[in-house]
Amino acid sequence: MSILGVFDIGKTAMYVTRKALDTTAHNVANINTPGYTRQELVLESVPSGVLSSTGLSGRGVKTTGVQRLYDSFIALQLRNEKSNLAYWEAYGEGIVKIENVFNEASDVNLSTSINDFFNAWQELSNNPEGYAERSLLIKKAEYLTARINRAYTTLDEERNELVKSNEFLVDEVNTITAKIADLNEKISASPGSLDLKDQRDRLIERLNEIVKVTTFEDNVGRYAVMISGVPLVDGARVFHLDSSIDINNNLHFYVNFTDSRGVLTETREVSHYITGGELKANYDLRDTQIPEYIDKLNIMAINLSDVVNYYHRQGYGTDGSTGNNFFSFATNTITDSDPSAGATITSLSITNTNSVSFSNQYRSDYIDAVAYAALPPADQADYIQEGTTGFYWRVQKSTDDGATWTTIAPNTLFDPSDPSTLNQSRVNLTPSSTAGSWRTLEFEGIKVRFDNNLIAAGETFSFRLNTNAALEIAVAITEPQKVAAAEGDLVTVDETNNNIRFSEDGGSTFVTATIPSGVYTRSELADKLKQALESADSTTAYQYTVAYNSGTKKYTITNEDGIAGVGPNDNLNAIVFDWTNAASTGRGLFGFTSNSHINAAGSETGDNAVYPNIPGDNKNAKMIAGLASQLIIAGRKPIDFYREIVSDVAVESLSAKDSQKFQSALVSELEGRREEISGISLDEEAANLVKYQKSFEAAAKMIGIADELLEVLLGMTGR
């Protein structure tokens, strides 16, 4: 090699070393830059260009480029796991807020309110006439409903906050994708812009924390970014993510596609394609977890009010009032196609929390044997027969607000005496032992009871559960004296109220019927009056029918044919009940306020509804207090049902914390592995600076020596 060749080698060495110093300085300068990937110079020796079998030294060094110390596999793993970590962090934060709603460590927790409510009924049973006990019961009930209302409101507010959070996240997604598209264009124009690639990777990493995406790189270095195959970025094109709430208050995500003019051409839903990140956490919390707990609160409100109201309506207050509901709320929506037919839905409750759906609408129709026989066999399979009566029931549901109806198949194997035959996915029918008086249909975790004998063939009932029951439950009773502590139909008969003055000859001669002293139900009292009338000291032996109507709460006395005459209609004289006479001390028992004249085979009904006259009766209060230990809420005791909610939230919260801890450890491990490859070590970079400095000095020295050699050579040739 000539002396001039040494100059070339020194020159390349100085140039490359300076470039290496620039790269090292760039690394040191960006040690705190988020997402920066360490860079290094790629060096290659310059061959001599001369063929040789003995070996020749090269012509120096050159750079082939600057590269990032980047492992794409680790980067992909880290993106995915950071997406999962972001999911569990957001999910865990949301679950903690839900957990605070059911905070059992608080002095005002809901379980204490439930116990206090039933304990107040127990206190009332100890002193059923006590004004203080009645007032306290109402206050405890109001506090219980307020706690249920507040729990519902807090959960609903959290759902609304999640909507706002999602809107911010969607906006951030669109901002990020726009930046990625812009970087795509810059990178395609300048493929060696490593810092731009770092910026893009940093954006992709953040995007994955919001929503899990996949990326593909084309032949000019541009990224395509997709959610399960639906593009958000394609080169320089951006497709915006959007969100909305439907009429059922469910959240949806869409990707909007536009043409080159920005005109919307297609909207594609991606709600079910979102599999990770903060959006998925918010989506799961808002549309799955929180509605589940709201529905359980609704179930508690529906069943608690339904059962307590049922027993409270049977009882009596100290003012004699009855038939009053204790709780009120905007009831389940029920529509009867023929209200005049007489059938009514008297109870709509939840029996199984796992299968009930508050979003569905249901309808049931009822046909007779003639209509059933006229149906095609395929349609007959939709109905279930009510015992052996020849009546048939069908239940259908709609998930789209009545646009489409699907029949729920009947459970023809159901035997009410064998609970194991119950099938929640089918319709289970239980008729009463008294033909046609009531029947229940149980399906998909819902039990509906129909009362009354008169049902029109073809009558249809439509109903849906109240999604706001827990928000709207309230105490309907405001006056302490209306609290129905007394059992429905018990009355006491003694010497002060046991005489009835009546005449069997049209009013010429009056006799007295005496009812034996005792405590009777209203129906039992009807039998006692019949016996007293027929055994009274009268000249004609008549038969009577005395009936008590629990619906109208009135008595009816019917004068039947006499048994001592010569023909079936020989009792020509009217029966006169002298209710206004002071001797008729029993008039208050039967509700008659004016004298009754009953002709042959005629009837007379009391003027007023009757009430028990035992103000100290505590049987209804004891009955309702005992509901605390009964399986009245979806097959659980009230306190057990609520504690299941608390337990479910606690387990979910603990699971979220464990998952977050695991994901955090996994991300930390991957970040450590990335740092080993892509991270900057100041000690290493400082050593490189010294190395490149010495290399630069050596290259300069090489050129200096070559210069001296050349000068000597020129001097020698000049002589």
# chains A, B, ... in the order shown; residues from 1 in each chain; ligands from 1
>>> residues_around(residues="Asp242 in chain A", least_positions_apart="3", cutoff="9 Å", atoms="only C-alpha atoms", output="list in words")
Glu167, Val170, Asp171, Asn174, His252, Phe253, Tyr254, Val255 and Asn256 of chain A
>>> residues_around(residues="range 638-654 of chain A", least_positions_apart="6", cutoff="8 Å", atoms="only C-alpha atoms", output="PyMOL selection string")
chain A and resi 92+95-96+98-99+102-104+111+114-115+293+296+300+304+628-632
>>> write_last_selection(atoms="N, CA and C atoms", output="PDB file, in the first residue's frame")
ATOM      1  N   GLY A  92     -59.768  -2.934  37.751  1.00  0.00           N
ATOM      2  CA  GLY A  92     -59.625  -2.966  39.208  1.00  0.00           C
ATOM      3  C   GLY A  92     -60.064  -1.667  39.854  1.00  0.00           C
ATOM      4  N   ILE A  95     -63.851  -1.709  39.858  1.00  0.00           N
ATOM      5  CA  ILE A  95     -64.409  -2.664  40.821  1.00  0.00           C
ATOM      6  C   ILE A  95     -64.294  -2.125  42.247  1.00  0.00           C
ATOM      7  N   VAL A  96     -63.210  -1.418  42.527  1.00  0.00           N
ATOM      8  CA  VAL A  96     -63.063  -0.821  43.869  1.00  0.00           C
ATOM      9  C   VAL A  96     -64.185   0.176  44.133  1.00  0.00           C
ATOM     10  N   ILE A  98     -67.174   0.054  42.853  1.00  0.00           N
ATOM     11  CA  ILE A  98     -68.374  -0.744  43.098  1.00  0.00           C
ATOM     12  C   ILE A  98     -68.333  -1.350  44.493  1.00  0.00           C
ATOM     13  N   GLU A  99     -67.152  -1.808  44.885  1.00  0.00           N
ATOM     14  CA  GLU A  99     -66.993  -2.411  46.211  1.00  0.00           C
ATOM     15  C   GLU A  99     -67.343  -1.415  47.308  1.00  0.00           C
ATOM     16  N   PHE A 102     -70.954  -1.306  48.313  1.00  0.00           N
ATOM     17  CA  PHE A 102     -71.409  -2.384  49.194  1.00  0.00           C
ATOM     18  C   PHE A 102     -70.428  -2.568  50.348  1.00  0.00           C
ATOM     19  N   ASN A 103     -69.964  -1.464  50.900  1.00  0.00           N
ATOM     20  CA  ASN A 103     -68.951  -1.489  51.954  1.00  0.00           C
ATOM     21  C   ASN A 103     -69.554  -1.964  53.267  1.00  0.00           C
ATOM     22  N   GLU A 104     -69.269  -3.207  53.633  1.00  0.00           N
ATOM     23  CA  GLU A 104     -69.828  -3.776  54.865  1.00  0.00           C
ATOM     24  C   GLU A 104     -69.124  -3.258  56.111  1.00  0.00           C
ATOM     25  N   SER A 111     -76.749  -4.244  54.798  1.00  0.00           N
ATOM     26  CA  SER A 111     -77.156  -5.427  55.567  1.00  0.00           C
ATOM     27  C   SER A 111     -77.693  -5.034  56.940  1.00  0.00           C
ATOM     28  N   ILE A 114     -81.237  -3.890  56.438  1.00  0.00           N
ATOM     29  CA  ILE A 114     -82.163  -5.021  56.257  1.00  0.00           C
ATOM     30  C   ILE A 114     -82.518  -5.628  57.604  1.00  0.00           C
ATOM     31  N   ASN A 115     -81.516  -5.872  58.433  1.00  0.00           N
ATOM     32  CA  ASN A 115     -81.775  -6.448  59.759  1.00  0.00           C
ATOM     33  C   ASN A 115     -82.629  -5.513  60.609  1.00  0.00           C
ATOM     34  N   TYR A 293     -74.982  -6.040  39.020  1.00  0.00           N
ATOM     35  CA  TYR A 293     -75.248  -5.659  40.404  1.00  0.00           C
ATOM     36  C   TYR A 293     -76.520  -4.808  40.507  1.00  0.00           C
ATOM     37  N   LYS A 296     -79.363  -7.180  40.458  1.00  0.00           N
ATOM     38  CA  LYS A 296     -79.538  -7.864  41.740  1.00  0.00           C
ATOM     39  C   LYS A 296     -80.221  -6.947  42.756  1.00  0.00           C
ATOM     40  N   MET A 300     -83.850  -7.615  44.473  1.00  0.00           N
ATOM     41  CA  MET A 300     -84.121  -7.475  45.901  1.00  0.00           C
ATOM     42  C   MET A 300     -85.307  -6.539  46.125  1.00  0.00           C
ATOM     43  N   LEU A 304     -88.658  -8.116  47.656  1.00  0.00           N
ATOM     44  CA  LEU A 304     -88.936  -7.637  49.008  1.00  0.00           C
ATOM     45  C   LEU A 304     -90.276  -6.918  49.045  1.00  0.00           C
ATOM     46  N   ALA A 628     -87.689 -12.556  57.451  1.00  0.00           N
ATOM     47  CA  ALA A 628     -86.229 -12.416  57.484  1.00  0.00           C
ATOM     48  C   ALA A 628     -85.539 -13.764  57.375  1.00  0.00           C
ATOM     49  N   SER A 629     -86.193 -14.814  57.813  1.00  0.00           N
ATOM     50  CA  SER A 629     -85.602 -16.154  57.776  1.00  0.00           C
ATOM     51  C   SER A 629     -86.203 -17.022  56.679  1.00  0.00           C
ATOM     52  N   GLN A 630     -87.006 -16.407  55.792  1.00  0.00           N
ATOM     53  CA  GLN A 630     -87.635 -17.151  54.709  1.00  0.00           C
ATOM     54  C   GLN A 630     -86.906 -16.906  53.387  1.00  0.00           C
ATOM     55  N   LEU A 631     -87.029 -17.858  52.460  1.00  0.00           N
ATOM     56  CA  LEU A 631     -86.344 -17.778  51.162  1.00  0.00           C
ATOM     57  C   LEU A 631     -87.194 -16.969  50.192  1.00  0.00           C
ATOM     58  N   ILE A 632     -87.236 -15.652  50.410  1.00  0.00           N
ATOM     59  CA  ILE A 632     -88.171 -14.815  49.662  1.00  0.00           C
ATOM     60  C   ILE A 632     -87.517 -14.035  48.523  1.00  0.00           C
TER      61      ILE A 632
END
>>> residues_around(residues="Gln380 in chain A", least_positions_apart="6", cutoff="12 Å", atoms="only C-alpha atoms", output="list in words")
Ile367, Asp368, Ala369, Val370, Ala371, Tyr372, Ala373, Ala374, Tyr392, Trp393, Arg394, Thr407, Ala409 and Pro410 of chain A
>>> write_last_selection(atoms="all heavy atoms", output="mmCIF file, in the first residue's frame")
data_model
loop_
_atom_site.group_PDB
_atom_site.id
_atom_site.type_symbol
_atom_site.label_atom_id
_atom_site.label_comp_id
_atom_site.auth_asym_id
_atom_site.auth_seq_id
_atom_site.Cartn_x
_atom_site.Cartn_y
_atom_site.Cartn_z
ATOM 1 N N ILE A 367 -105.535 -20.098 25.941
ATOM 2 C CA ILE A 367 -106.586 -20.539 25.022
ATOM 3 C C ILE A 367 -107.290 -21.761 25.586
ATOM 4 O O ILE A 367 -106.747 -22.473 26.439
ATOM 5 C CB ILE A 367 -106.015 -20.871 23.621
ATOM 6 C CG1 ILE A 367 -104.995 -22.003 23.698
ATOM 7 C CG2 ILE A 367 -105.415 -19.632 22.977
ATOM 8 C CD1 ILE A 367 -104.485 -22.456 22.348
ATOM 9 N N ASP A 368 -108.505 -21.977 25.102
ATOM 10 C CA ASP A 368 -109.262 -23.141 25.573
ATOM 11 C C ASP A 368 -109.011 -24.331 24.656
ATOM 12 O O ASP A 368 -108.281 -24.256 23.663
ATOM 13 C CB ASP A 368 -110.753 -22.808 25.659
ATOM 14 C CG ASP A 368 -111.328 -22.334 24.325
ATOM 15 O OD1 ASP A 368 -110.706 -22.617 23.277
ATOM 16 O OD2 ASP A 368 -112.386 -21.682 24.339
ATOM 17 N N ALA A 369 -109.644 -25.447 24.995
ATOM 18 C CA ALA A 369 -109.405 -26.693 24.272
ATOM 19 C C ALA A 369 -109.827 -26.599 22.811
ATOM 20 O O ALA A 369 -109.189 -27.184 21.929
ATOM 21 C CB ALA A 369 -110.139 -27.840 24.962
ATOM 22 N N VAL A 370 -110.896 -25.854 22.544
ATOM 23 C CA VAL A 370 -111.378 -25.727 21.168
ATOM 24 C C VAL A 370 -110.338 -25.014 20.305
ATOM 25 O O VAL A 370 -109.989 -25.463 19.202
ATOM 26 C CB VAL A 370 -112.729 -24.984 21.134
ATOM 27 C CG1 VAL A 370 -113.163 -24.748 19.693
ATOM 28 C CG2 VAL A 370 -113.782 -25.773 21.897
ATOM 29 N N ALA A 371 -109.827 -23.890 20.818
ATOM 30 C CA ALA A 371 -108.811 -23.140 20.075
ATOM 31 C C ALA A 371 -107.526 -23.958 19.942
ATOM 32 O O ALA A 371 -106.850 -23.922 18.911
ATOM 33 C CB ALA A 371 -108.528 -21.811 20.762
ATOM 34 N N TYR A 372 -107.187 -24.698 20.998
ATOM 35 C CA TYR A 372 -105.979 -25.521 20.974
ATOM 36 C C TYR A 372 -106.083 -26.599 19.903
ATOM 37 O O TYR A 372 -105.141 -26.838 19.146
ATOM 38 C CB TYR A 372 -105.770 -26.156 22.351
ATOM 39 C CG TYR A 372 -104.592 -27.092 22.429
ATOM 40 C CD1 TYR A 372 -103.297 -26.608 22.573
ATOM 41 C CD2 TYR A 372 -104.767 -28.472 22.358
ATOM 42 C CE1 TYR A 372 -102.211 -27.464 22.652
ATOM 43 C CE2 TYR A 372 -103.692 -29.342 22.432
ATOM 44 C CZ TYR A 372 -102.416 -28.839 22.581
ATOM 45 O OH TYR A 372 -101.347 -29.689 22.655
ATOM 46 N N ALA A 373 -107.253 -27.250 19.833
ATOM 47 C CA ALA A 373 -107.438 -28.332 18.863
ATOM 48 C C ALA A 373 -107.344 -27.826 17.429
ATOM 49 O O ALA A 373 -107.002 -28.583 16.514
ATOM 50 C CB ALA A 373 -108.782 -29.016 19.097
ATOM 51 N N ALA A 374 -107.647 -26.550 17.220
ATOM 52 C CA ALA A 374 -107.629 -25.991 15.873
ATOM 53 C C ALA A 374 -106.225 -25.629 15.408
ATOM 54 O O ALA A 374 -106.018 -25.318 14.236
ATOM 55 C CB ALA A 374 -108.526 -24.758 15.811
ATOM 56 N N TYR A 392 -104.888 -23.999 28.079
ATOM 57 C CA TYR A 392 -103.489 -24.098 27.661
ATOM 58 C C TYR A 392 -102.833 -22.719 27.717
ATOM 59 O O TYR A 392 -103.441 -21.714 27.358
ATOM 60 C CB TYR A 392 -103.398 -24.663 26.234
ATOM 61 C CG TYR A 392 -103.967 -26.051 26.111
ATOM 62 C CD1 TYR A 392 -105.337 -26.240 25.935
ATOM 63 C CD2 TYR A 392 -103.147 -27.165 26.188
ATOM 64 C CE1 TYR A 392 -105.870 -27.517 25.834
ATOM 65 C CE2 TYR A 392 -103.670 -28.451 26.082
ATOM 66 C CZ TYR A 392 -105.037 -28.622 25.902
ATOM 67 O OH TYR A 392 -105.552 -29.883 25.807
ATOM 68 N N TRP A 393 -101.561 -22.717 28.157
ATOM 69 C CA TRP A 393 -100.795 -21.483 28.312
ATOM 70 C C TRP A 393 -99.561 -21.504 27.402
ATOM 71 O O TRP A 393 -98.966 -22.545 27.148
ATOM 72 C CB TRP A 393 -100.322 -21.313 29.753
ATOM 73 C CG TRP A 393 -101.415 -20.999 30.721
ATOM 74 C CD1 TRP A 393 -102.225 -21.891 31.369
ATOM 75 C CD2 TRP A 393 -101.820 -19.709 31.157
ATOM 76 N NE1 TRP A 393 -103.111 -21.237 32.174
ATOM 77 C CE2 TRP A 393 -102.886 -19.888 32.072
ATOM 78 C CE3 TRP A 393 -101.399 -18.417 30.860
ATOM 79 C CZ2 TRP A 393 -103.519 -18.821 32.692
ATOM 80 C CZ3 TRP A 393 -102.023 -17.350 31.484
ATOM 81 C CH2 TRP A 393 -103.081 -17.560 32.385
ATOM 82 N N ARG A 394 -99.191 -20.321 26.954
ATOM 83 C CA ARG A 394 -97.970 -20.149 26.178
ATOM 84 C C ARG A 394 -97.259 -18.898 26.670
ATOM 85 O O ARG A 394 -97.897 -17.907 27.012
ATOM 86 C CB ARG A 394 -98.293 -20.013 24.692
ATOM 87 C CG ARG A 394 -97.052 -19.756 23.811
ATOM 88 C CD ARG A 394 -97.404 -19.635 22.347
ATOM 89 N NE ARG A 394 -98.229 -18.460 22.092
ATOM 90 C CZ ARG A 394 -98.564 -18.039 20.876
ATOM 91 N NH1 ARG A 394 -98.168 -18.716 19.818
ATOM 92 N NH2 ARG A 394 -99.308 -16.962 20.720
ATOM 93 N N THR A 407 -91.052 -18.192 21.116
ATOM 94 C CA THR A 407 -91.754 -19.005 22.105
ATOM 95 C C THR A 407 -90.762 -19.708 23.026
ATOM 96 O O THR A 407 -89.758 -20.261 22.567
ATOM 97 C CB THR A 407 -92.646 -20.055 21.413
ATOM 98 O OG1 THR A 407 -93.631 -19.388 20.636
ATOM 99 C CG2 THR A 407 -93.337 -20.938 22.438
ATOM 100 N N ALA A 409 -90.210 -22.850 25.164
ATOM 101 C CA ALA A 409 -90.789 -24.192 25.132
ATOM 102 C C ALA A 409 -91.350 -24.583 26.493
ATOM 103 O O ALA A 409 -90.775 -24.240 27.531
ATOM 104 C CB ALA A 409 -89.735 -25.207 24.696
ATOM 105 N N PRO A 410 -92.500 -25.283 26.521
ATOM 106 C CA PRO A 410 -93.082 -25.722 27.796
ATOM 107 C C PRO A 410 -92.323 -26.910 28.383
ATOM 108 O O PRO A 410 -91.740 -27.712 27.645
ATOM 109 C CB PRO A 410 -94.505 -26.121 27.404
ATOM 110 C CG PRO A 410 -94.416 -26.494 25.967
ATOM 111 C CD PRO A 410 -93.357 -25.611 25.371
#
>>> select_by_dssp(residues="range 181-288 of chain A", states="alpha helix (DSSP H)", output="number ranges by chain")
A: 181-189, 194-210, 277-284
>>> residues_around(residues="Lys212 in chain A", least_positions_apart="3", cutoff="12 Å", atoms="only C-alpha atoms", output="count of residues only")
36
>>> residues_around(residues="Gly235 in chain A", least_positions_apart="6", cutoff="10 Å", atoms="only C-alpha atoms", output="PDB file with all heavy atoms, in the first residue's frame")
ATOM      1  N   ILE A 180     -50.075   8.624  13.917  1.00  0.00           N
ATOM      2  CA  ILE A 180     -49.416   7.462  13.307  1.00  0.00           C
ATOM      3  C   ILE A 180     -49.453   7.573  11.787  1.00  0.00           C
ATOM      4  O   ILE A 180     -48.459   7.298  11.097  1.00  0.00           O
ATOM      5  CB  ILE A 180     -50.091   6.157  13.787  1.00  0.00           C
ATOM      6  CG1 ILE A 180     -49.811   5.938  15.279  1.00  0.00           C
ATOM      7  CG2 ILE A 180     -49.608   4.965  12.971  1.00  0.00           C
ATOM      8  CD1 ILE A 180     -50.570   4.774  15.875  1.00  0.00           C
ATOM      9  N   ALA A 181     -50.597   7.972  11.246  1.00  0.00           N
ATOM     10  CA  ALA A 181     -50.703   8.132   9.795  1.00  0.00           C
ATOM     11  C   ALA A 181     -49.728   9.188   9.287  1.00  0.00           C
ATOM     12  O   ALA A 181     -49.098   9.018   8.228  1.00  0.00           O
ATOM     13  CB  ALA A 181     -52.134   8.504   9.424  1.00  0.00           C
ATOM     14  N   ASP A 182     -49.580  10.268  10.038  1.00  0.00           N
ATOM     15  CA  ASP A 182     -48.645  11.322   9.644  1.00  0.00           C
ATOM     16  C   ASP A 182     -47.206  10.811   9.683  1.00  0.00           C
ATOM     17  O   ASP A 182     -46.412  11.076   8.765  1.00  0.00           O
ATOM     18  CB  ASP A 182     -48.815  12.517  10.584  1.00  0.00           C
ATOM     19  CG  ASP A 182     -47.888  13.668  10.221  1.00  0.00           C
ATOM     20  OD1 ASP A 182     -47.973  14.162   9.080  1.00  0.00           O
ATOM     21  OD2 ASP A 182     -47.086  14.063  11.089  1.00  0.00           O
ATOM     22  N   LEU A 183     -46.861  10.056  10.725  1.00  0.00           N
ATOM     23  CA  LEU A 183     -45.517   9.492  10.826  1.00  0.00           C
ATOM     24  C   LEU A 183     -45.268   8.463   9.728  1.00  0.00           C
ATOM     25  O   LEU A 183     -44.140   8.325   9.242  1.00  0.00           O
ATOM     26  CB  LEU A 183     -45.318   8.855  12.205  1.00  0.00           C
ATOM     27  CG  LEU A 183     -45.168   9.835  13.372  1.00  0.00           C
ATOM     28  CD1 LEU A 183     -45.198   9.095  14.704  1.00  0.00           C
ATOM     29  CD2 LEU A 183     -43.864  10.624  13.240  1.00  0.00           C
ATOM     30  N   ASN A 184     -46.318   7.732   9.362  1.00  0.00           N
ATOM     31  CA  ASN A 184     -46.180   6.779   8.262  1.00  0.00           C
ATOM     32  C   ASN A 184     -45.669   7.468   6.999  1.00  0.00           C
ATOM     33  O   ASN A 184     -44.769   6.970   6.303  1.00  0.00           O
ATOM     34  CB  ASN A 184     -47.525   6.107   7.970  1.00  0.00           C
ATOM     35  CG  ASN A 184     -47.782   4.894   8.848  1.00  0.00           C
ATOM     36  OD1 ASN A 184     -46.863   4.356   9.469  1.00  0.00           O
ATOM     37  ND2 ASN A 184     -49.022   4.462   8.896  1.00  0.00           N
ATOM     38  N   GLU A 185     -46.261   8.606   6.694  1.00  0.00           N
ATOM     39  CA  GLU A 185     -45.860   9.342   5.497  1.00  0.00           C
ATOM     40  C   GLU A 185     -44.423   9.838   5.611  1.00  0.00           C
ATOM     41  O   GLU A 185     -43.641   9.752   4.654  1.00  0.00           O
ATOM     42  CB  GLU A 185     -46.813  10.518   5.269  1.00  0.00           C
ATOM     43  CG  GLU A 185     -48.165  10.112   4.710  1.00  0.00           C
ATOM     44  CD  GLU A 185     -48.031   9.443   3.359  1.00  0.00           C
ATOM     45  OE1 GLU A 185     -47.844  10.137   2.343  1.00  0.00           O
ATOM     46  OE2 GLU A 185     -48.088   8.190   3.310  1.00  0.00           O
ATOM     47  N   SER A 188     -42.038   6.830   5.315  1.00  0.00           N
ATOM     48  CA  SER A 188     -41.945   6.305   3.948  1.00  0.00           C
ATOM     49  C   SER A 188     -41.082   7.213   3.065  1.00  0.00           C
ATOM     50  O   SER A 188     -40.404   6.742   2.146  1.00  0.00           O
ATOM     51  CB  SER A 188     -43.339   6.163   3.335  1.00  0.00           C
ATOM     52  OG  SER A 188     -43.957   7.437   3.171  1.00  0.00           O
ATOM     53  N   GLU A 217     -46.484  -4.041   8.763  1.00  0.00           N
ATOM     54  CA  GLU A 217     -45.614  -3.059   8.099  1.00  0.00           C
ATOM     55  C   GLU A 217     -45.513  -3.390   6.622  1.00  0.00           C
ATOM     56  O   GLU A 217     -45.283  -4.544   6.240  1.00  0.00           O
ATOM     57  CB  GLU A 217     -44.228  -3.073   8.739  1.00  0.00           C
ATOM     58  CG  GLU A 217     -43.328  -1.954   8.257  1.00  0.00           C
ATOM     59  CD  GLU A 217     -42.021  -1.894   9.026  1.00  0.00           C
ATOM     60  OE1 GLU A 217     -41.811  -2.767   9.905  1.00  0.00           O
ATOM     61  OE2 GLU A 217     -41.216  -0.985   8.742  1.00  0.00           O
ATOM     62  N   ASP A 218     -45.702  -2.377   5.766  1.00  0.00           N
ATOM     63  CA  ASP A 218     -45.605  -2.620   4.328  1.00  0.00           C
ATOM     64  C   ASP A 218     -44.161  -2.457   3.863  1.00  0.00           C
ATOM     65  O   ASP A 218     -43.240  -2.222   4.670  1.00  0.00           O
ATOM     66  CB  ASP A 218     -46.567  -1.720   3.559  1.00  0.00           C
ATOM     67  CG  ASP A 218     -46.242  -0.236   3.701  1.00  0.00           C
ATOM     68  OD1 ASP A 218     -45.121   0.091   4.139  1.00  0.00           O
ATOM     69  OD2 ASP A 218     -47.113   0.600   3.374  1.00  0.00           O
ATOM     70  N   VAL A 220     -42.594  -0.136   2.407  1.00  0.00           N
ATOM     71  CA  VAL A 220     -41.948   1.176   2.544  1.00  0.00           C
ATOM     72  C   VAL A 220     -41.948   1.638   4.002  1.00  0.00           C
ATOM     73  O   VAL A 220     -41.719   2.807   4.293  1.00  0.00           O
ATOM     74  CB  VAL A 220     -42.643   2.229   1.650  1.00  0.00           C
ATOM     75  CG1 VAL A 220     -42.433   1.896   0.190  1.00  0.00           C
ATOM     76  CG2 VAL A 220     -44.121   2.355   1.979  1.00  0.00           C
ATOM     77  N   GLY A 221     -42.222   0.703   4.911  1.00  0.00           N
ATOM     78  CA  GLY A 221     -42.104   1.005   6.334  1.00  0.00           C
ATOM     79  C   GLY A 221     -43.328   1.602   6.993  1.00  0.00           C
ATOM     80  O   GLY A 221     -43.264   2.026   8.154  1.00  0.00           O
ATOM     81  N   ARG A 222     -44.465   1.658   6.282  1.00  0.00           N
ATOM     82  CA  ARG A 222     -45.679   2.211   6.875  1.00  0.00           C
ATOM     83  C   ARG A 222     -46.429   1.126   7.637  1.00  0.00           C
ATOM     84  O   ARG A 222     -46.442  -0.037   7.242  1.00  0.00           O
ATOM     85  CB  ARG A 222     -46.572   2.820   5.802  1.00  0.00           C
ATOM     86  CG  ARG A 222     -45.953   3.994   5.074  1.00  0.00           C
ATOM     87  CD  ARG A 222     -46.877   4.550   4.004  1.00  0.00           C
ATOM     88  NE  ARG A 222     -47.241   3.534   3.023  1.00  0.00           N
ATOM     89  CZ  ARG A 222     -47.956   3.785   1.936  1.00  0.00           C
ATOM     90  NH1 ARG A 222     -48.390   5.018   1.704  1.00  0.00           N
ATOM     91  NH2 ARG A 222     -48.233   2.810   1.076  1.00  0.00           N
ATOM     92  N   TYR A 223     -47.089   1.543   8.722  1.00  0.00           N
ATOM     93  CA  TYR A 223     -47.874   0.613   9.536  1.00  0.00           C
ATOM     94  C   TYR A 223     -49.348   0.653   9.118  1.00  0.00           C
ATOM     95  O   TYR A 223     -49.909   1.720   8.828  1.00  0.00           O
ATOM     96  CB  TYR A 223     -47.799   0.987  11.015  1.00  0.00           C
ATOM     97  CG  TYR A 223     -46.616   0.421  11.759  1.00  0.00           C
ATOM     98  CD1 TYR A 223     -46.361   0.808  13.074  1.00  0.00           C
ATOM     99  CD2 TYR A 223     -45.761  -0.507  11.167  1.00  0.00           C
ATOM    100  CE1 TYR A 223     -45.283   0.295  13.778  1.00  0.00           C
ATOM    101  CE2 TYR A 223     -44.677  -1.015  11.857  1.00  0.00           C
ATOM    102  CZ  TYR A 223     -44.434  -0.618  13.163  1.00  0.00           C
ATOM    103  OH  TYR A 223     -43.372  -1.122  13.854  1.00  0.00           O
ATOM    104  N   ALA A 224     -49.962  -0.539   9.119  1.00  0.00           N
ATOM    105  CA  ALA A 224     -51.426  -0.646   9.106  1.00  0.00           C
ATOM    106  C   ALA A 224     -51.836  -1.054  10.517  1.00  0.00           C
ATOM    107  O   ALA A 224     -51.281  -1.998  11.082  1.00  0.00           O
ATOM    108  CB  ALA A 224     -51.883  -1.682   8.083  1.00  0.00           C
ATOM    109  N   VAL A 225     -52.770  -0.328  11.099  1.00  0.00           N
ATOM    110  CA  VAL A 225     -53.216  -0.573  12.472  1.00  0.00           C
ATOM    111  C   VAL A 225     -54.668  -1.023  12.433  1.00  0.00           C
ATOM    112  O   VAL A 225     -55.522  -0.349  11.842  1.00  0.00           O
ATOM    113  CB  VAL A 225     -53.079   0.709  13.331  1.00  0.00           C
ATOM    114  CG1 VAL A 225     -53.498   0.431  14.763  1.00  0.00           C
ATOM    115  CG2 VAL A 225     -51.645   1.226  13.278  1.00  0.00           C
TER     116      VAL A 225
END
>>> residues_around(residues="range 527-533 of chain A", least_positions_apart="6", cutoff="7 Å", atoms="only C-alpha atoms", output="PyMOL selection string")
chain A and resi 513-515+544-546
>>> select_by_dssp(residues="range 349-438 of chain A", states="strand (DSSP E)", output="list in words")
Ser349, Ile350, Gln361, Tyr362, Arg363, Ser364, Asp365, Tyr366, Ile367, Ile384, Gln385, Tyr392, Trp393, Arg394, Val395, Gln396, Lys397, Ser398, Thr406, Thr407, Ile408, Asn428, Leu429, Thr430, Pro431 and Trp438 of chain A
>>> closest_atom_pairs(of="range 361-471 of chain A", to="range 131-149 of chain A", cutoff="12 Å", atoms="only C-alpha atoms", output="JSON lines")
{"residue": "A:Asn468", "atom": "CA", "partner": "A:Asn149", "partner_atom": "CA", "distance": 9.4}
{"residue": "A:Ala469", "atom": "CA", "partner": "A:Asn149", "partner_atom": "CA", "distance": 8.9}
{"residue": "A:Ala470", "atom": "CA", "partner": "A:Asn149", "partner_atom": "CA", "distance": 5.6}
{"residue": "A:Leu471", "atom": "CA", "partner": "A:Asn149", "partner_atom": "CA", "distance": 4.5}
